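A.B. asks: For reference, the structure I am asking about is given below.
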Amino acid sequence: MKKYIGGIIGGVVILGIVIWIVFYTVNNRRNDTIFETGTSTNTEAQAIISKDLDRFYPSTVRETVRLYQRINTCLMSGNYTEEEFYKLTEQLRKLYDDELLALNPADSYEDSLYNEIIAFRNAGNTISVTNVQLESQTEKYTKDGKNMASIVAMFVVKKKKGISRTYEKFVLREDEKGNWKILGWEMTDAVEFPD
């Protein structure tokens with residue numbers, strides 16, 4: 001009888017340890033993949049996070065897309081802590097139009113972005129150069145009584161075997177405060193960029 005009770009207690013202890021290991025692994029999954037431990041030494045992440053976009057929002061279409069590229073490049077680098085990841089994501093979402101935000105709730109957006117970063121980094125990719133057309137190349141128009149704009153941005157990605165250039169056409173809409181907010185983007189053909 002004592003051996004039987006001892007076996008049950010041993011089994012419960014082992015089961016408890018296994019449950020604890022699984023729980024710990026699941027809850028710390030992100031720390032083992034893209035996030036630095038401890039304090040960030042990446043001043044770029046800290047510089048972006050410290051921007052007060054409520055008071056000092058980019059004043060042009062080009063500056064808005066350039067800030068988007070800067071935040072995206074920082075996120076894809078993985079040189080930040082988990083706390084900084086969430087703050088960088090918040091900064092990125094401040095550049096988005098309300099319509100785009102409604103289609104991408106914060107929690108699912110963070111998970112999707114996290115998975116995109118993992119795939120990008122696991123492939124050995126890094127963003128090496130970004131560029132945006134000049135403000136004078138911005139196409140501005142009116143749609144449904146709203147001021148709209150489109151501009152093309154380029155990302156140069158270093159891969160394990162060479163480099164690739166991606167061109168994206170951004171569509172922005174001016175909000176009630178006069179800020180240009182990103183409504184969406186799509187892949188487009190190559191265009192000329194300033195030096």
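Order determines the names: the first chain of the structure tokens is A, the second B, and so forth; residues in each chain are numbered 1 upward, and ligands are numbered 1 upward as they are shown.
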So that I can check the secondary structure, give me every residue of region 44-191 of chain A assigned helix (DSSP H, G or I) by backbone DSSP, as a PyMOL selection string.
C.D. replies: chain A and resi 44-49+61-77+82-93+98-103+106-122+135-137
A.B. asks: Output as a PyMOL selection string all residues of region 30-185 of chain A that backbone DSSP marks as strand (DSSP E or B).
C.D. replies: chain A and resi 96+126-132+139-143+146-159+162-174+180-185
A.B. asks: Please identify all polymer residues within 9 Å of Leu88 (chain A), counting only C-alpha atoms, omitting same-chain residues fewer than 6 positions from it, and present them as a count of residues only.
C.D. replies: 8
A.B. asks: Write out as a ChimeraX atom specification each polymer residue whose atoms come within 7 Å of Thr166 (chain A), counting only C-alpha atoms; drop sequence neighbours fewer than 4 positions from it.
C.D. replies: /A:154-156
A.B. asks: Include C-alpha atoms and write out the residues we just selected as a tab-separated table (two decimals), in the first residue's frame.
C.D. replies:
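Full text of again16.tsv as output:
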```tsv
chain	number	residue	atom	x	y	z
A	154	MET	CA	11.82	50.99	-51.47
A	155	PHE	CA	13.35	48.41	-49.15
A	156	VAL	CA	16.67	46.74	-49.99
```
A.B. asks: Quick one: residues within 7 Å of region 132-140 of chain A, only C-alpha atoms counted, chain neighbours fewer than 5 positions away excluded, as number ranges by chain?
C.D. replies: A: 61-62, 66, 148-154, 193-194
A.B. asks: Using only C-alpha atoms for the distances, tell me which of A:Asp189, A:Glu176, A:Asp54, A:Glu90 is nearest to Leu113 (chain A).
C.D. replies: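 Among the listed residues, A:Glu90 lies closest to Leu113 (chain A).
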A.B. asks: From the list A:Lys160, A:Arg173, A:Arg165, A:Arg70, which residue is nearest Asn122 (chain A) when using only C-alpha atoms?
C.D. replies: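 Using only C-alpha atoms, the shortest distance to Asn122 (chain A) belongs to A:Lys160.
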